[in-house]
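Colleague: This is the content of coords35.cif (mmCIF, N, CA and C atoms):
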```cif
data_protein
#
loop_
_atom_site.label_atom_id
_atom_site.label_comp_id
_atom_site.auth_asym_id
_atom_site.auth_seq_id
_atom_site.Cartn_x
_atom_site.Cartn_y
_atom_site.Cartn_z
N CYS J 20 60.31 -43.26 -25.15
CA CYS J 20 60.69 -43.33 -23.74
C CYS J 20 60.45 -42.00 -23.04
N TRP J 21 60.76 -40.90 -23.75
CA TRP J 21 60.58 -39.58 -23.12
C TRP J 21 59.10 -39.30 -22.88
N ALA J 22 58.24 -39.71 -23.80
CA ALA J 22 56.80 -39.49 -23.64
C ALA J 22 56.21 -40.37 -22.55
N SER J 23 56.86 -41.48 -22.25
CA SER J 23 56.34 -42.36 -21.20
C SER J 23 56.44 -41.70 -19.82
N ILE J 24 57.36 -40.77 -19.65
CA ILE J 24 57.44 -40.03 -18.39
C ILE J 24 56.18 -39.20 -18.20
N THR J 25 55.76 -38.52 -19.27
CA THR J 25 54.53 -37.73 -19.22
C THR J 25 53.33 -38.63 -18.96
N ALA J 26 53.28 -39.77 -19.63
CA ALA J 26 52.16 -40.70 -19.43
C ALA J 26 52.14 -41.23 -18.00
N PHE J 27 53.30 -41.49 -17.44
CA PHE J 27 53.36 -41.98 -16.06
C PHE J 27 52.76 -40.96 -15.10
N TRP J 28 53.16 -39.69 -15.24
CA TRP J 28 52.62 -38.66 -14.35
C TRP J 28 51.13 -38.46 -14.57
N ARG J 29 50.66 -38.64 -15.80
CA ARG J 29 49.23 -38.49 -16.08
C ARG J 29 48.43 -39.61 -15.43
N VAL J 30 48.90 -40.85 -15.53
CA VAL J 30 48.16 -42.00 -15.01
C VAL J 30 48.25 -42.06 -13.49
N ARG J 31 49.42 -41.89 -12.93
CA ARG J 31 49.60 -42.06 -11.49
C ARG J 31 49.08 -40.91 -10.66
N LEU J 32 49.36 -39.67 -11.10
CA LEU J 32 49.02 -38.51 -10.28
C LEU J 32 47.98 -37.60 -10.91
N ASN J 33 47.44 -38.01 -12.06
CA ASN J 33 46.43 -37.22 -12.77
C ASN J 33 46.94 -35.80 -13.07
N ALA J 34 48.21 -35.71 -13.44
CA ALA J 34 48.82 -34.42 -13.76
C ALA J 34 48.44 -34.02 -15.19
N ASN J 35 48.45 -32.74 -15.44
CA ASN J 35 48.14 -32.24 -16.77
C ASN J 35 49.30 -32.57 -17.70
N GLU J 36 49.02 -33.33 -18.77
CA GLU J 36 50.10 -33.78 -19.65
C GLU J 36 50.71 -32.64 -20.45
N ILE J 37 49.96 -31.57 -20.68
CA ILE J 37 50.53 -30.43 -21.41
C ILE J 37 51.60 -29.76 -20.57
N LEU J 38 51.31 -29.54 -19.30
CA LEU J 38 52.30 -28.90 -18.43
C LEU J 38 53.51 -29.79 -18.20
N VAL J 39 53.26 -31.08 -17.99
CA VAL J 39 54.36 -32.01 -17.74
C VAL J 39 55.26 -32.10 -18.97
N SER J 40 54.68 -32.21 -20.17
CA SER J 40 55.51 -32.30 -21.37
C SER J 40 56.25 -30.99 -21.63
N LEU J 41 55.64 -29.86 -21.31
CA LEU J 41 56.32 -28.58 -21.47
C LEU J 41 57.51 -28.48 -20.51
N MET J 42 57.33 -28.91 -19.28
CA MET J 42 58.44 -28.88 -18.32
C MET J 42 59.53 -29.88 -18.73
N LEU J 43 59.14 -31.03 -19.28
CA LEU J 43 60.14 -32.00 -19.71
C LEU J 43 60.94 -31.50 -20.91
N SER J 44 60.35 -30.63 -21.72
CA SER J 44 61.13 -30.07 -22.83
C SER J 44 62.24 -29.17 -22.30
N PHE J 45 61.98 -28.45 -21.21
CA PHE J 45 63.04 -27.65 -20.59
C PHE J 45 64.11 -28.55 -19.97
N VAL J 46 63.71 -29.68 -19.41
CA VAL J 46 64.67 -30.63 -18.86
C VAL J 46 65.55 -31.17 -19.99
N ALA J 47 64.95 -31.47 -21.14
CA ALA J 47 65.71 -31.98 -22.28
C ALA J 47 66.72 -30.96 -22.77
N ILE J 48 66.34 -29.69 -22.77
CA ILE J 48 67.26 -28.63 -23.18
C ILE J 48 68.45 -28.56 -22.23
N GLN J 49 68.18 -28.68 -20.94
CA GLN J 49 69.27 -28.62 -19.96
C GLN J 49 70.19 -29.84 -20.06
N VAL J 50 69.62 -31.01 -20.34
CA VAL J 50 70.44 -32.21 -20.52
C VAL J 50 71.34 -32.04 -21.74
N LEU J 51 70.78 -31.51 -22.83
CA LEU J 51 71.58 -31.27 -24.03
C LEU J 51 72.69 -30.26 -23.77
N ASN J 52 72.38 -29.19 -23.03
CA ASN J 52 73.42 -28.22 -22.68
C ASN J 52 74.52 -28.85 -21.87
N TYR J 53 74.16 -29.68 -20.91
CA TYR J 53 75.17 -30.36 -20.10
C TYR J 53 76.07 -31.23 -20.97
N LEU J 54 75.46 -32.00 -21.89
CA LEU J 54 76.25 -32.91 -22.71
C LEU J 54 77.15 -32.15 -23.68
N LEU J 55 76.63 -31.06 -24.27
CA LEU J 55 77.45 -30.31 -25.23
C LEU J 55 78.55 -29.50 -24.57
N LEU J 56 78.35 -29.10 -23.33
CA LEU J 56 79.38 -28.33 -22.64
C LEU J 56 80.24 -29.20 -21.73
N GLY J 57 79.91 -30.49 -21.63
CA GLY J 57 80.63 -31.39 -20.75
C GLY J 57 81.25 -32.56 -21.49
N PRO J 58 80.65 -33.75 -21.34
CA PRO J 58 81.28 -34.96 -21.87
C PRO J 58 81.40 -35.02 -23.39
N TRP J 59 80.47 -34.43 -24.13
CA TRP J 59 80.51 -34.52 -25.59
C TRP J 59 81.23 -33.35 -26.25
N LYS J 60 81.81 -32.45 -25.50
CA LYS J 60 82.41 -31.24 -26.07
C LYS J 60 83.61 -31.58 -26.93
N ASP J 61 83.70 -30.91 -28.07
CA ASP J 61 84.81 -31.10 -28.99
C ASP J 61 86.03 -30.37 -28.44
N PRO J 62 87.12 -31.08 -28.13
CA PRO J 62 88.29 -30.40 -27.58
C PRO J 62 88.95 -29.45 -28.59
N MET J 63 88.71 -29.66 -29.86
CA MET J 63 89.27 -28.79 -30.89
C MET J 63 88.21 -27.82 -31.44
N GLY J 64 87.17 -27.55 -30.68
CA GLY J 64 86.05 -26.75 -31.15
C GLY J 64 86.13 -25.28 -30.85
N PHE J 65 87.29 -24.77 -30.42
CA PHE J 65 87.49 -23.35 -30.13
C PHE J 65 86.47 -22.83 -29.13
N ASN J 66 86.12 -23.65 -28.14
CA ASN J 66 85.21 -23.32 -27.04
C ASN J 66 83.77 -23.07 -27.49
N PHE J 67 83.40 -23.55 -28.69
CA PHE J 67 82.01 -23.50 -29.12
C PHE J 67 81.29 -24.74 -28.60
N PRO J 68 80.01 -24.64 -28.24
CA PRO J 68 79.29 -25.82 -27.74
C PRO J 68 78.90 -26.74 -28.90
N GLN J 69 79.81 -27.60 -29.28
CA GLN J 69 79.56 -28.55 -30.35
C GLN J 69 80.24 -29.86 -30.02
N SER J 70 79.72 -30.92 -30.61
CA SER J 70 80.31 -32.23 -30.40
C SER J 70 81.30 -32.54 -31.52
N VAL J 71 82.02 -33.61 -31.37
CA VAL J 71 82.99 -34.03 -32.38
C VAL J 71 82.22 -34.54 -33.60
N MET J 72 82.68 -34.18 -34.79
CA MET J 72 82.03 -34.64 -36.02
C MET J 72 82.25 -36.14 -36.20
N PHE J 73 81.23 -36.78 -36.74
CA PHE J 73 81.36 -38.20 -37.07
C PHE J 73 82.33 -38.36 -38.23
N PRO J 74 83.03 -39.50 -38.30
CA PRO J 74 83.87 -39.74 -39.47
C PRO J 74 82.99 -39.90 -40.72
N LEU J 75 83.56 -39.64 -41.87
CA LEU J 75 82.79 -39.67 -43.12
C LEU J 75 82.17 -41.04 -43.40
N ASP J 76 82.85 -42.12 -43.01
CA ASP J 76 82.29 -43.43 -43.28
C ASP J 76 81.13 -43.79 -42.34
N ALA J 77 80.88 -43.00 -41.32
CA ALA J 77 79.76 -43.23 -40.41
C ALA J 77 78.55 -42.38 -40.75
N MET J 78 78.68 -41.48 -41.72
CA MET J 78 77.58 -40.58 -42.09
C MET J 78 76.71 -41.21 -43.16
N VAL J 79 75.47 -40.72 -43.24
CA VAL J 79 74.52 -41.18 -44.25
C VAL J 79 74.92 -40.55 -45.59
N PRO J 80 74.89 -41.31 -46.68
CA PRO J 80 75.31 -40.76 -47.98
C PRO J 80 74.42 -39.59 -48.43
N ILE J 81 75.04 -38.61 -49.06
CA ILE J 81 74.34 -37.43 -49.58
C ILE J 81 73.58 -37.84 -50.85
N LEU J 82 72.33 -37.39 -50.95
CA LEU J 82 71.49 -37.72 -52.10
C LEU J 82 71.68 -36.72 -53.24
N ILE J 83 71.68 -35.43 -52.91
CA ILE J 83 71.86 -34.37 -53.90
C ILE J 83 73.16 -33.64 -53.56
N PRO J 84 74.15 -33.74 -54.43
CA PRO J 84 75.43 -33.07 -54.13
C PRO J 84 75.28 -31.56 -53.98
N GLY J 85 75.99 -30.99 -53.03
CA GLY J 85 75.93 -29.56 -52.79
C GLY J 85 74.86 -29.15 -51.80
N THR J 86 74.08 -30.11 -51.33
CA THR J 86 73.04 -29.82 -50.33
C THR J 86 73.23 -30.76 -49.15
N ARG J 87 72.35 -30.61 -48.16
CA ARG J 87 72.39 -31.50 -47.00
C ARG J 87 71.35 -32.61 -47.09
N VAL J 88 70.69 -32.74 -48.25
CA VAL J 88 69.68 -33.78 -48.44
C VAL J 88 70.38 -35.12 -48.55
N ASN J 89 69.99 -36.06 -47.69
CA ASN J 89 70.64 -37.36 -47.72
C ASN J 89 69.62 -38.46 -47.95
N VAL J 90 70.07 -39.70 -47.86
CA VAL J 90 69.26 -40.86 -48.17
C VAL J 90 68.08 -41.01 -47.20
N SER J 91 68.14 -40.37 -46.06
CA SER J 91 67.02 -40.47 -45.11
C SER J 91 65.74 -39.88 -45.68
N LEU J 92 65.83 -39.01 -46.67
CA LEU J 92 64.63 -38.49 -47.33
C LEU J 92 63.89 -39.62 -48.03
N LEU J 93 64.61 -40.48 -48.75
CA LEU J 93 63.98 -41.62 -49.40
C LEU J 93 63.39 -42.59 -48.39
N LEU J 94 64.10 -42.79 -47.30
CA LEU J 94 63.61 -43.67 -46.24
C LEU J 94 62.32 -43.12 -45.61
N ALA J 95 62.27 -41.82 -45.39
CA ALA J 95 61.07 -41.20 -44.81
C ALA J 95 59.90 -41.30 -45.78
N LEU J 96 60.14 -41.07 -47.05
CA LEU J 96 59.07 -41.20 -48.04
C LEU J 96 58.54 -42.63 -48.13
N ALA J 97 59.45 -43.59 -48.12
CA ALA J 97 59.04 -45.00 -48.19
C ALA J 97 58.25 -45.41 -46.96
N LEU J 98 58.68 -44.97 -45.79
CA LEU J 98 57.97 -45.34 -44.57
C LEU J 98 56.63 -44.62 -44.45
N SER J 99 56.51 -43.43 -45.01
CA SER J 99 55.21 -42.75 -44.96
C SER J 99 54.21 -43.43 -45.87
N VAL J 100 54.67 -44.03 -46.97
CA VAL J 100 53.77 -44.79 -47.82
C VAL J 100 53.32 -46.06 -47.13
N VAL J 101 54.25 -46.70 -46.44
CA VAL J 101 53.92 -47.94 -45.71
C VAL J 101 52.96 -47.62 -44.60
#
```
Could you quickly redo this structure as structure tokens?
Modeller:
Amino acid sequence: CWASITAFWRVRLNANEILVSLMLSFVAIQVLNYLLLGPWKDPMGFNFPQSVMFPLDAMVPILIPGTRVNVSLLLALALSVV
């Protein structure tokens, strides 16, 4: 969806897609800053820009204990083969 904005400006106004996508990356950063400092801010986060942690039952299972490697690694490998 985000790339379709760049494509729209390229097709309709013949704008340079490199410049448009670069400017949209700055827009995405500002949207993320707004969300982390506004509606998604953790009220118990000691004023750090972070969101509330997901509950443990909503997280993807860890694949290798003691690391952050989770089951999405297997999913990525399987989909790259497909």
Colleague: Just list as a ChimeraX atom specification whatever in stretch 22-96 of chain J DSSP marks as strand (DSSP E or B).
Modeller: /J:60,70,81,89
Colleague: Taking all atoms of stretch 58-70 of chain J that appear in the file, build a box with edges along x, y and z, extend it by 8 Å on every side, and state its centre and edge lengths in Å to one decimal, as AutoDock Vina command-line options.
Modeller:
```
--center_x 84.1 --center_y -28.9 --center_z -26.4 --size_x 26.4 --size_y 28.2 --size_z 26.2
```
Colleague: Taking the file as shown, what set of residues would the PyMOL selection byres (((chain J and resi 55 and name CA) around 12) and name CA) give back, as a PDB file with N, CA and C atoms, in the coordinates of the input?
Modeller:
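Dumped to expr.pdb:
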```pdb
ATOM      1  N   ILE J  48      66.340 -29.690 -22.770  1.00  0.00           N
ATOM      2  CA  ILE J  48      67.260 -28.630 -23.180  1.00  0.00           C
ATOM      3  C   ILE J  48      68.450 -28.560 -22.230  1.00  0.00           C
ATOM      4  N   GLN J  49      68.180 -28.680 -20.940  1.00  0.00           N
ATOM      5  CA  GLN J  49      69.270 -28.620 -19.960  1.00  0.00           C
ATOM      6  C   GLN J  49      70.190 -29.840 -20.060  1.00  0.00           C
ATOM      7  N   VAL J  50      69.620 -31.010 -20.340  1.00  0.00           N
ATOM      8  CA  VAL J  50      70.440 -32.210 -20.520  1.00  0.00           C
ATOM      9  C   VAL J  50      71.340 -32.040 -21.740  1.00  0.00           C
ATOM     10  N   LEU J  51      70.780 -31.510 -22.830  1.00  0.00           N
ATOM     11  CA  LEU J  51      71.580 -31.270 -24.030  1.00  0.00           C
ATOM     12  C   LEU J  51      72.690 -30.260 -23.770  1.00  0.00           C
ATOM     13  N   ASN J  52      72.380 -29.190 -23.030  1.00  0.00           N
ATOM     14  CA  ASN J  52      73.420 -28.220 -22.680  1.00  0.00           C
ATOM     15  C   ASN J  52      74.520 -28.850 -21.870  1.00  0.00           C
ATOM     16  N   TYR J  53      74.160 -29.680 -20.910  1.00  0.00           N
ATOM     17  CA  TYR J  53      75.170 -30.360 -20.100  1.00  0.00           C
ATOM     18  C   TYR J  53      76.070 -31.230 -20.970  1.00  0.00           C
ATOM     19  N   LEU J  54      75.460 -32.000 -21.890  1.00  0.00           N
ATOM     20  CA  LEU J  54      76.250 -32.910 -22.710  1.00  0.00           C
ATOM     21  C   LEU J  54      77.150 -32.150 -23.680  1.00  0.00           C
ATOM     22  N   LEU J  56      78.350 -29.100 -23.330  1.00  0.00           N
ATOM     23  CA  LEU J  56      79.380 -28.330 -22.640  1.00  0.00           C
ATOM     24  C   LEU J  56      80.240 -29.200 -21.730  1.00  0.00           C
ATOM     25  N   GLY J  57      79.910 -30.490 -21.630  1.00  0.00           N
ATOM     26  CA  GLY J  57      80.630 -31.390 -20.750  1.00  0.00           C
ATOM     27  C   GLY J  57      81.250 -32.560 -21.490  1.00  0.00           C
ATOM     28  N   PRO J  58      80.650 -33.750 -21.340  1.00  0.00           N
ATOM     29  CA  PRO J  58      81.280 -34.960 -21.870  1.00  0.00           C
ATOM     30  C   PRO J  58      81.400 -35.020 -23.390  1.00  0.00           C
ATOM     31  N   TRP J  59      80.470 -34.430 -24.130  1.00  0.00           N
ATOM     32  CA  TRP J  59      80.510 -34.520 -25.590  1.00  0.00           C
ATOM     33  C   TRP J  59      81.230 -33.350 -26.250  1.00  0.00           C
ATOM     34  N   LYS J  60      81.810 -32.450 -25.500  1.00  0.00           N
ATOM     35  CA  LYS J  60      82.410 -31.240 -26.070  1.00  0.00           C
ATOM     36  C   LYS J  60      83.610 -31.580 -26.930  1.00  0.00           C
ATOM     37  N   ASP J  61      83.700 -30.910 -28.070  1.00  0.00           N
ATOM     38  CA  ASP J  61      84.810 -31.100 -28.990  1.00  0.00           C
ATOM     39  C   ASP J  61      86.030 -30.370 -28.440  1.00  0.00           C
ATOM     40  N   PRO J  62      87.120 -31.080 -28.130  1.00  0.00           N
ATOM     41  CA  PRO J  62      88.290 -30.400 -27.580  1.00  0.00           C
ATOM     42  C   PRO J  62      88.950 -29.450 -28.590  1.00  0.00           C
ATOM     43  N   GLY J  64      87.170 -27.550 -30.680  1.00  0.00           N
ATOM     44  CA  GLY J  64      86.050 -26.750 -31.150  1.00  0.00           C
ATOM     45  C   GLY J  64      86.130 -25.280 -30.850  1.00  0.00           C
ATOM     46  N   ASN J  66      86.120 -23.650 -28.140  1.00  0.00           N
ATOM     47  CA  ASN J  66      85.210 -23.320 -27.040  1.00  0.00           C
ATOM     48  C   ASN J  66      83.770 -23.070 -27.490  1.00  0.00           C
ATOM     49  N   PHE J  67      83.400 -23.550 -28.690  1.00  0.00           N
ATOM     50  CA  PHE J  67      82.010 -23.500 -29.120  1.00  0.00           C
ATOM     51  C   PHE J  67      81.290 -24.740 -28.600  1.00  0.00           C
ATOM     52  N   PRO J  68      80.010 -24.640 -28.240  1.00  0.00           N
ATOM     53  CA  PRO J  68      79.290 -25.820 -27.740  1.00  0.00           C
ATOM     54  C   PRO J  68      78.900 -26.740 -28.900  1.00  0.00           C
ATOM     55  N   GLN J  69      79.810 -27.600 -29.280  1.00  0.00           N
ATOM     56  CA  GLN J  69      79.560 -28.550 -30.350  1.00  0.00           C
ATOM     57  C   GLN J  69      80.240 -29.860 -30.020  1.00  0.00           C
ATOM     58  N   SER J  70      79.720 -30.920 -30.610  1.00  0.00           N
ATOM     59  CA  SER J  70      80.310 -32.230 -30.400  1.00  0.00           C
ATOM     60  C   SER J  70      81.300 -32.540 -31.520  1.00  0.00           C
ATOM     61  N   VAL J  71      82.020 -33.610 -31.370  1.00  0.00           N
ATOM     62  CA  VAL J  71      82.990 -34.030 -32.380  1.00  0.00           C
ATOM     63  C   VAL J  71      82.220 -34.540 -33.600  1.00  0.00           C
TER      64      VAL J  71
END
```
Colleague: To one decimal in Å, tell me the separation between atom C of J:Met42 and atom N of J:Thr25.
Modeller: 9.4 Å
Colleague: Given the file shown, determine the residues that the PyMOL selection byres ((chain J and resi 79) around 6) selects; report them as a CSV table (one decimal) with N, CA and C atoms, in the frame of the given file.
Modeller:
```csv
chain,number,residue,atom,x,y,z
J,77,ALA,N,80.9,-43.0,-41.3
J,77,ALA,CA,79.8,-43.2,-40.4
J,77,ALA,C,78.6,-42.4,-40.8
J,78,MET,N,78.7,-41.5,-41.7
J,78,MET,CA,77.6,-40.6,-42.1
J,78,MET,C,76.7,-41.2,-43.2
J,80,PRO,N,74.9,-41.3,-46.7
J,80,PRO,CA,75.3,-40.8,-48.0
J,80,PRO,C,74.4,-39.6,-48.4
J,81,ILE,N,75.0,-38.6,-49.1
J,81,ILE,CA,74.3,-37.4,-49.6
J,81,ILE,C,73.6,-37.8,-50.8
J,89,ASN,N,70.0,-36.1,-47.7
J,89,ASN,CA,70.6,-37.4,-47.7
J,89,ASN,C,69.6,-38.5,-48.0
J,90,VAL,N,70.1,-39.7,-47.9
J,90,VAL,CA,69.3,-40.9,-48.2
J,90,VAL,C,68.1,-41.0,-47.2
```
Colleague: Could you work out how far atom CA of J:Cys20 lies from atom CA of J:Leu43, giving the answer in Å with one decimal?
Modeller: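 Between atom CA of J:Leu43 and atom CA of J:Cys20 the gap is 12.0 Å.
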Colleague: One number please: atom N of J:Val88 to atom C of J:Ser44, in Å, one decimal.
Modeller: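 Spanning atom N of J:Val88 to atom C of J:Ser44 is a straight-line distance of 27.5 Å.
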Colleague: Please give the complete set of residues from chain J that DSSP, run on the backbone, assigns to alpha helix (DSSP H), formatted as a PyMOL selection string.
Modeller: chain J and resi 21-32+36-56+91-100
